[in-house]
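Visitor: Handing over data.cif, mmCIF, C-alpha atoms (C1' of nucleotides).
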data_upload
#
loop_
_atom_site.label_atom_id
_atom_site.label_comp_id
_atom_site.auth_asym_id
_atom_site.auth_seq_id
_atom_site.Cartn_x
_atom_site.Cartn_y
_atom_site.Cartn_z
CA MET A 375 0.00 0.00 0.00
CA ASN A 376 1.46 3.31 -1.13
CA PRO A 377 1.89 5.39 2.05
CA ASP A 378 0.90 8.64 0.36
CA ALA A 379 -2.46 7.17 -0.54
CA LEU A 380 -3.47 7.20 3.12
CA ARG A 381 -3.07 10.98 3.33
CA GLY A 382 -6.28 12.55 4.39
CA HIS A 383 -7.97 9.26 5.19
CA MET A 384 -6.14 8.43 8.40
CA ASP A 385 -8.63 10.33 10.54
CA ALA A 386 -11.56 8.45 9.06
CA LEU A 387 -9.85 5.11 9.66
CA LEU A 388 -8.98 5.84 13.27
CA LEU A 389 -12.36 7.30 14.15
CA SER A 390 -14.11 4.41 12.48
CA VAL A 391 -12.13 1.81 14.40
CA VAL A 392 -12.91 3.31 17.80
CA GLU A 393 -16.55 3.82 16.89
CA ALA A 394 -17.73 0.48 18.25
CA GLY A 395 -15.96 0.96 21.55
CA PRO A 396 -12.89 2.42 23.28
CA LEU A 397 -9.54 1.04 22.17
CA HIS A 398 -5.89 1.74 22.91
CA GLY A 399 -3.33 2.58 20.23
CA TYR A 400 -1.78 -0.82 19.87
CA ALA A 401 -5.17 -2.48 19.55
CA ILE A 402 -6.20 0.15 16.99
CA ILE A 403 -3.26 -0.80 14.79
CA GLU A 404 -4.19 -4.47 15.02
CA ALA A 405 -7.83 -3.69 14.31
CA LEU A 406 -6.84 -1.74 11.18
CA GLN A 407 -4.85 -4.70 9.91
CA GLU A 408 -7.57 -7.18 10.71
CA ARG A 409 -10.50 -5.22 9.32
CA SER A 410 -8.64 -4.46 6.08
CA GLY A 411 -7.72 -8.09 5.56
CA GLY A 412 -4.05 -7.36 6.17
CA ALA A 413 -3.84 -4.60 3.57
CA LEU A 414 -3.26 -1.82 6.07
CA SER A 415 -0.14 -2.00 8.22
CA VAL A 416 0.21 1.46 9.66
CA PRO A 417 3.39 2.07 11.67
CA THR A 418 3.19 3.17 15.28
CA GLY A 419 5.00 6.38 14.37
CA THR A 420 1.97 7.31 12.32
CA VAL A 421 -0.81 6.17 14.60
CA TYR A 422 0.27 7.58 17.95
CA PRO A 423 0.80 11.16 16.74
CA ALA A 424 -2.43 10.97 14.75
CA LEU A 425 -4.38 9.86 17.83
CA ARG A 426 -2.94 12.75 19.82
CA ARG A 427 -3.86 15.14 17.07
CA LEU A 428 -7.42 13.84 17.02
CA GLU A 429 -7.60 14.23 20.77
CA ARG A 430 -6.21 17.76 20.55
CA VAL A 431 -8.98 18.80 18.17
CA GLY A 432 -11.59 17.12 20.34
CA HIS A 433 -12.63 14.15 18.24
CA LEU A 434 -11.22 11.67 20.72
CA SER A 435 -10.78 11.58 24.47
CA SER A 436 -8.32 9.37 26.31
CA GLU A 437 -7.62 7.93 29.72
CA TRP A 438 -4.92 5.71 31.14
CA ALA A 439 -5.60 2.17 32.22
CA THR A 440 -3.38 -0.58 33.54
CA VAL A 441 -4.11 -4.10 32.35
CA GLY A 442 -1.87 -6.96 33.40
CA GLY A 443 0.86 -4.58 34.49
CA ARG A 444 0.82 -2.86 31.08
CA LYS A 445 -0.12 0.78 30.82
CA ARG A 446 -2.57 1.67 28.08
CA ARG A 447 -3.95 4.93 26.87
CA THR A 448 -7.51 4.17 25.87
CA TYR A 449 -9.21 6.37 23.27
CA ARG A 450 -12.91 7.01 23.08
CA LEU A 451 -14.98 8.70 20.38
CA THR A 452 -16.46 12.03 21.46
CA ASP A 453 -19.68 13.55 20.16
CA SER A 454 -17.58 15.83 17.99
CA GLY A 455 -15.72 12.79 16.72
CA ARG A 456 -18.94 11.03 15.87
CA LYS A 457 -20.07 13.98 13.78
CA GLN A 458 -16.66 14.14 12.17
CA LEU A 459 -16.84 10.46 11.30
CA GLU A 460 -20.18 11.03 9.61
CA GLY A 461 -18.58 13.77 7.53
CA GLU A 462 -15.59 11.60 6.74
CA ARG A 463 -17.83 8.82 5.49
CA SER A 464 -19.73 11.04 3.09
CA ALA A 465 -16.45 12.67 2.01
CA TRP A 466 -15.13 9.20 1.30
CA ARG A 467 -18.09 8.41 -0.92
CA GLU A 468 -17.66 11.67 -2.84
CA PHE A 469 -13.95 11.08 -3.13
CA THR A 470 -14.22 7.54 -4.52
CA SER A 471 -16.96 8.66 -6.86
CA ALA A 472 -14.87 11.52 -8.24
CA ILE A 473 -11.66 9.53 -8.68
CA GLY A 474 -13.55 6.52 -9.95
CA SER A 475 -15.28 8.48 -12.66
CA VAL A 476 -11.95 9.80 -13.89
CA LEU A 477 -10.22 6.44 -13.64
CA SER A 478 -12.94 4.37 -15.25
CA PRO A 479 -12.10 3.92 -18.92
CA GLY A 480 -15.73 3.94 -19.98
CA PRO A 481 -16.78 7.00 -22.01
CA GLU A 482 -20.07 8.57 -21.09
CA ALA A 483 -23.03 7.04 -22.87
CA PRO A 484 -25.21 9.39 -24.97
CA MET B 625 -12.40 18.17 -1.90
CA ASN B 626 -9.74 17.89 0.78
CA PRO B 627 -6.38 18.35 -0.97
CA ASP B 628 -4.64 15.72 1.14
CA ALA B 629 -7.06 13.09 -0.07
CA LEU B 630 -5.56 13.33 -3.56
CA ARG B 631 -2.10 12.41 -2.33
CA GLY B 632 -0.81 9.42 -4.19
CA HIS B 633 -3.65 9.36 -6.68
CA MET B 634 -2.54 12.28 -8.82
CA ASP B 635 -0.49 10.07 -11.12
CA ALA B 636 -3.42 7.77 -11.78
CA LEU B 637 -5.68 10.72 -12.58
CA LEU B 638 -3.24 12.35 -14.99
CA LEU B 639 -2.34 9.13 -16.77
CA SER B 640 -5.98 8.19 -17.07
CA VAL B 641 -6.94 11.53 -18.61
CA VAL B 642 -4.32 11.35 -21.34
CA GLU B 643 -5.08 7.70 -22.03
CA ALA B 644 -7.66 8.40 -24.75
CA GLY B 645 -5.36 10.79 -26.59
CA PRO B 646 -2.64 13.43 -26.19
CA LEU B 647 -3.59 16.52 -24.19
CA HIS B 648 -1.83 19.65 -22.97
CA GLY B 649 -1.73 20.71 -19.32
CA TYR B 650 -4.49 23.26 -19.40
CA ALA B 651 -6.82 20.84 -21.17
CA ILE B 652 -5.92 18.13 -18.65
CA ILE B 653 -7.06 20.34 -15.79
CA GLU B 654 -10.34 21.04 -17.55
CA ALA B 655 -10.79 17.34 -18.34
CA LEU B 656 -10.28 16.46 -14.67
CA GLN B 657 -12.98 18.92 -13.67
CA GLU B 658 -15.36 17.78 -16.32
CA ARG B 659 -14.94 14.04 -15.85
CA SER B 660 -15.34 14.33 -12.09
CA GLY B 661 -18.51 16.35 -12.38
CA GLY B 662 -16.78 19.45 -11.03
CA ALA B 663 -15.50 17.74 -7.89
CA LEU B 664 -11.84 17.96 -8.84
CA SER B 665 -10.31 21.40 -9.29
CA VAL B 666 -6.59 20.82 -9.24
CA PRO B 667 -4.44 23.98 -9.29
CA THR B 668 -1.92 24.54 -12.05
CA GLY B 669 0.86 24.56 -9.46
CA THR B 670 0.04 20.93 -8.83
CA VAL B 671 -0.54 19.70 -12.35
CA TYR B 672 2.41 21.16 -14.23
CA PRO B 673 5.10 19.88 -11.88
CA ALA B 674 3.33 16.51 -11.71
CA LEU B 675 3.30 16.22 -15.49
CA ARG B 676 7.01 17.00 -15.62
CA ARG B 677 7.65 14.40 -12.96
CA LEU B 678 5.71 11.79 -14.92
CA GLU B 679 7.68 12.67 -18.01
CA ARG B 680 10.95 12.45 -16.10
CA VAL B 681 10.19 8.89 -15.03
CA GLY B 682 9.11 7.97 -18.53
CA HIS B 683 5.36 7.54 -18.18
CA LEU B 684 4.62 10.51 -20.40
CA SER B 685 6.32 12.11 -23.37
CA SER B 686 5.77 15.68 -24.50
CA GLU B 687 6.19 17.90 -27.51
CA TRP B 688 5.51 21.55 -28.18
CA ALA B 689 2.77 22.67 -30.49
CA THR B 690 1.47 26.07 -31.50
CA VAL B 691 -2.28 26.41 -31.90
CA GLY B 692 -3.78 29.82 -32.72
CA GLY B 693 -0.61 31.59 -31.65
CA ARG B 694 -0.65 29.80 -28.26
CA LYS B 695 2.18 27.48 -27.32
CA ARG B 696 1.16 24.18 -25.85
CA ARG B 697 3.14 21.34 -24.43
CA THR B 698 1.23 18.24 -25.41
CA TYR B 699 1.62 15.11 -23.31
CA ARG B 700 1.26 11.60 -24.60
CA LEU B 701 1.06 8.29 -22.72
CA THR B 702 4.10 6.05 -23.25
CA ASP B 703 4.10 2.26 -23.11
CA SER B 704 5.61 2.52 -19.66
CA GLY B 705 2.82 4.91 -18.71
CA ARG B 706 0.19 2.53 -20.00
CA LYS B 707 1.56 -0.26 -17.82
CA GLN B 708 1.77 2.14 -14.90
CA LEU B 709 -1.85 3.12 -15.39
CA GLU B 710 -2.86 -0.53 -15.29
CA GLY B 711 -1.04 -0.87 -11.98
CA GLU B 712 -2.61 2.33 -10.65
CA ARG B 713 -6.08 1.07 -11.49
CA SER B 714 -5.63 -2.20 -9.61
CA ALA B 715 -3.98 -0.33 -6.74
CA TRP B 716 -7.01 1.93 -6.64
CA ARG B 717 -9.35 -1.04 -6.36
CA GLU B 718 -7.30 -2.53 -3.54
CA PHE B 719 -7.11 0.83 -1.82
CA THR B 720 -10.85 1.51 -1.90
CA SER B 721 -11.54 -2.05 -0.81
CA ALA B 722 -9.20 -1.76 2.17
CA ILE B 723 -10.44 1.64 3.34
CA GLY B 724 -14.03 0.75 2.59
CA SER B 725 -13.92 -2.37 4.71
CA VAL B 726 -12.62 -0.37 7.65
CA LEU B 727 -15.04 2.49 7.16
CA SER B 728 -18.15 0.40 6.62
CA PRO B 729 -19.98 0.01 9.91
CA GLY B 730 -21.21 -3.47 9.05
CA PRO B 731 -19.71 -6.29 11.17
CA GLU B 732 -18.45 -9.33 9.32
CA ALA B 733 -21.11 -11.99 8.75
CA PRO B 734 -20.40 -15.51 10.04
"C1'" DC C 1070 -6.59 50.11 -23.85
"C1'" DT C 1071 -8.18 46.99 -20.47
"C1'" DC C 1072 -9.84 42.75 -19.00
"C1'" DT C 1073 -10.61 37.93 -19.44
"C1'" DA C 1074 -9.40 33.42 -21.07
"C1'" DT C 1075 -5.80 30.58 -22.50
"C1'" DA C 1076 -1.36 28.61 -21.38
"C1'" DT C 1077 2.95 27.39 -18.82
"C1'" DG C 1078 6.11 27.65 -15.25
"C1'" DT C 1079 8.82 28.26 -10.55
"C1'" DA C 1080 9.91 29.34 -5.57
"C1'" DG C 1081 8.79 28.54 -1.17
"C1'" DG C 1082 5.85 26.78 2.45
"C1'" DT C 1083 2.92 23.30 4.62
"C1'" DG C 1084 1.99 19.22 7.13
"C1'" DG C 1085 0.76 14.48 7.44
"C1'" DT C 1086 3.21 10.32 7.15
"C1'" DC C 1087 7.40 7.48 7.60
"C1'" DT C 1088 11.96 5.97 9.51
"C1'" DA C 1089 14.46 4.97 13.27
"C1'" DG C 1090 15.29 4.79 17.73
"C1'" DA C 1091 14.28 5.05 22.90
"C1'" DT C 1092 11.75 3.29 26.81
"C1'" DA C 1093 9.43 -0.26 29.61
"C1'" DA C 1094 7.19 -4.47 31.48
"C1'" DG C 1095 5.33 -9.37 30.94
"C1'" DG C 1096 6.24 -14.10 29.78
"C1'" DG C 1097 8.19 -18.17 27.64
"C1'" DA C 1098 12.46 -20.77 26.15
"C1'" DG C 1099 16.76 -22.48 27.24
"C1'" DC D 67 18.99 -16.15 35.35
"C1'" DT D 68 19.33 -14.57 30.79
"C1'" DC D 69 17.72 -13.91 26.16
"C1'" DC D 70 14.21 -12.69 23.23
"C1'" DC D 71 9.60 -11.86 21.61
"C1'" DT D 72 5.31 -9.55 22.43
"C1'" DT D 73 2.91 -5.81 24.14
"C1'" DA D 74 2.73 -0.78 24.59
"C1'" DT D 75 3.83 4.14 24.03
"C1'" DC D 76 6.41 8.05 22.41
"C1'" DT D 77 9.47 11.45 19.80
"C1'" DA D 78 12.88 13.74 16.59
"C1'" DG D 79 13.88 14.45 12.16
"C1'" DA D 80 13.39 13.52 7.22
"C1'" DC D 81 10.64 13.21 3.24
"C1'" DC D 82 7.94 14.81 -0.52
"C1'" DA D 83 3.57 15.52 -2.88
"C1'" DC D 84 0.67 19.10 -2.96
"C1'" DC D 85 -0.58 24.06 -2.39
"C1'" DT D 86 -0.17 29.22 -2.53
"C1'" DA D 87 1.33 32.94 -4.87
"C1'" DC D 88 3.47 34.97 -8.29
"C1'" DA D 89 5.59 35.76 -12.99
"C1'" DT D 90 5.17 35.51 -17.89
"C1'" DA D 91 2.94 35.64 -22.51
"C1'" DT D 92 -0.60 35.84 -26.37
"C1'" DA D 93 -5.43 36.12 -28.30
"C1'" DG D 94 -9.72 38.15 -28.43
"C1'" DA D 95 -13.67 40.78 -26.56
"C1'" DG D 96 -15.38 45.11 -24.89
#
Before anything else, please render the file you have as structure tokens.
Guide:
Amino acid sequence: MNPDALRGHMDALLLSVVEAGPLHGYAIIEALQERSGGALSVPTGTVYPALRRLERVGHLSSEWATVGGRKRRTYRLTDSGRKQLEGERSAWREFTSAIGSVLSPGPEAP
Amino acid sequence: MNPDALRGHMDALLLSVVEAGPLHGYAIIEALQERSGGALSVPTGTVYPALRRLERVGHLSSEWATVGGRKRRTYRLTDSGRKQLEGERSAWREFTSAIGSVLSPGPEAP
DNA sequence: CTCTATATGTAGGTGGTCTAGATAAGGGAG
DNA sequence: CTCCCTTATCTAGACCACCTACATATAGAG
């Protein structure tokens, strides 16, 4: 997967993964891999800063938890984040539609 | 359209637009707008350097023409570019599939 | 003459992502 | 006990595709 292709879609991916329930960063990375059928392997150096950015703008909130001696920062979708995710989903549809119509070799039918 | 979303898909768009026949930069920008239903308005500062980059790597070739006193640099898809476009199209399908499966709220069926 | 459309190009800035490395604790293998 | 893998988080710095803004030039309309 070309890294540049993810530009501008990272937020949607992260928000979508934590939609069902709170998750910590490491689990988010695994969830991305799993739900994409292994196609998405996003490095930690991308995910952790992105999560902090999303928290900074208010789309996520976080709290620390300790499970089995391991410290985790668990992220939760805020109301703002839920609205944002809605917007991201419709933006995604518009985006794929626009690119798809340029990429598809078929000429317009009369 | 969020500019970042286009990252990594510009090549596919440009190659696809010149697939049917040679076009010059200005016409390529108009074709992108038209074929996307107005969704894609890519600035000249993006397109011209991108076209030069694609020529540098051999996916496009160019020649100057003068039409009605205006100078145009007309770009043509090379064999290498045609192969590249094929690859870009399949990459696009994989990309949309991967993102789509993460973004879609539906849980996997048993 | 002025303004718009056509047409191409560059310099410099932005910012999200990646690379690479640091830190730390649990648990199994040997 | 020691080594190593997994789990878990974080940051500094580099990269580079894209954008903004500007410069240049001709044709044609008003």
Visitor: Evaluate the PyMOL selection byres ((chain D and resi 75) around 12) against this structure - the residues, as an NGL selection string, please.
Guide: (:A and (398-400 or 418-419 or 421-423 or 425-426 or 438 or 444-448)) or (:C and (1091-1094)) or (:D and (73-74 or 76-77))
Visitor: Could you list the residues in chain D lying within 10 Å of chain B, using only C-alpha atoms (C1' of nucleotides), and format the result as a list in words?
Guide: DA83, DC84, DC85, DT86, DA87, DA91, DT92 and DA93 of chain D
Visitor: Evaluate the PyMOL selection byres ((chain D and resi 71) around 12) on the structure here and hand back the selected residues as a list in words.
Guide: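 After applying the PyMOL selection byres ((chain D and resi 71) around 12), what remains is DG1095, DG1096, DG1097 and DA1098 of chain C; DC69, DC70, DT72 and DT73 of chain D.
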Visitor: Can you turn the PyMOL selection byres ((chain B) within 6 of (chain A)) into a concrete residue list for this file, as a PDB file with C-alpha atoms, in the coordinates of the input?
Guide:
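That gives us expr17.pdb:
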ATOM      1  CA  ASP B 628      -4.640  15.720   1.140  1.00  0.00           C
ATOM      2  CA  ALA B 629      -7.060  13.090  -0.070  1.00  0.00           C
ATOM      3  CA  ARG B 631      -2.100  12.410  -2.330  1.00  0.00           C
ATOM      4  CA  GLY B 632      -0.810   9.420  -4.190  1.00  0.00           C
ATOM      5  CA  SER B 640      -5.980   8.190 -17.070  1.00  0.00           C
ATOM      6  CA  ARG B 659     -14.940  14.040 -15.850  1.00  0.00           C
ATOM      7  CA  SER B 660     -15.340  14.330 -12.090  1.00  0.00           C
ATOM      8  CA  ALA B 722      -9.200  -1.760   2.170  1.00  0.00           C
ATOM      9  CA  SER B 725     -13.920  -2.370   4.710  1.00  0.00           C
ATOM     10  CA  VAL B 726     -12.620  -0.370   7.650  1.00  0.00           C
ATOM     11  CA  LEU B 727     -15.040   2.490   7.160  1.00  0.00           C
TER      12      LEU B 727
END
Visitor: Figure out the distance between CA of Glu429 in chain A and C1' of DG1090 in chain C, please, to one decimal in Å.
Guide: 24.9 Å
Visitor: In Å, with one decimal, what is the gap from CA of Thr452 in chain A to CA of Glu437 in chain A?
Guide: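 One can read the CA of Thr452 in chain A to CA of Glu437 in chain A distance as 12.8 Å.
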Visitor: Between CA of Gly455 in chain A and CA of Val431 in chain A, what distance in Å does the model show, to one decimal?
Guide: 9.1 Å
Visitor: Name the residues within 8 Å of (6.3, 12.5, -27.5), counting all atoms listed in the file in the file's coordinates, and put them as an MDAnalysis selection string.
Guide: chainID B and resid 684:687 698:700
Visitor: Select, from A:Arg427, A:His433, A:Asp385, A:Ile403, the residue with the minimum atom-to-atom distance to Arg456 in chain A, counting all atoms listed in the file.
Guide: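 Once distances to Arg456 in chain A are computed over all atoms listed in the file, the minimum belongs to A:His433.
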Visitor: Using all atoms listed in the file, can you tell me which of B:Arg680, B:Ser714, B:Asp703, B:Glu654 comes closest to chain C?
Guide: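 Nearest candidate to chain C out of B:Arg680, B:Ser714, B:Asp703, B:Glu654: B:Glu654.
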Visitor: Measuring atom to atom with all atoms listed in the file, identify which of B:Gly682, B:Gly645, B:Ser665, B:Val691 is nearest to chain C.
Guide: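 Nearest to chain C: B:Val691.
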Visitor: Kindly list the centre and edge lengths in Å, rounded to one decimal, for the axis-aligned box that covers all listed atoms of range 89-92 of chain D plus 5 Å on each of its six sides, as AutoDock Vina command-line options.
Guide:
--center_x 2.5 --center_y 35.7 --center_z -19.7 --size_x 16.2 --size_y 10.3 --size_z 23.4
Visitor: Near chain B, meaning an atom within 9 Å, which residues of chain C appear when counting only C-alpha atoms (C1' of nucleotides)? Write them as a PyMOL selection string.
Guide: chain C and resi 1075-1079+1085
Visitor: Any chance you could export the current selection's C-alpha atoms (C1' of nucleotides) as a short mmCIF file (atom, residue, chain, number, x, y, z; two decimals), keeping the file's coordinate frame?
Guide:
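Final output, out_30.cif:
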data_model
loop_
_atom_site.label_atom_id
_atom_site.label_comp_id
_atom_site.auth_asym_id
_atom_site.auth_seq_id
_atom_site.Cartn_x
_atom_site.Cartn_y
_atom_site.Cartn_z
"C1'" DT C 1075 -5.80 30.58 -22.50
"C1'" DA C 1076 -1.36 28.61 -21.38
"C1'" DT C 1077 2.95 27.39 -18.82
"C1'" DG C 1078 6.11 27.65 -15.25
"C1'" DT C 1079 8.82 28.26 -10.55
"C1'" DG C 1085 0.76 14.48 7.44
#
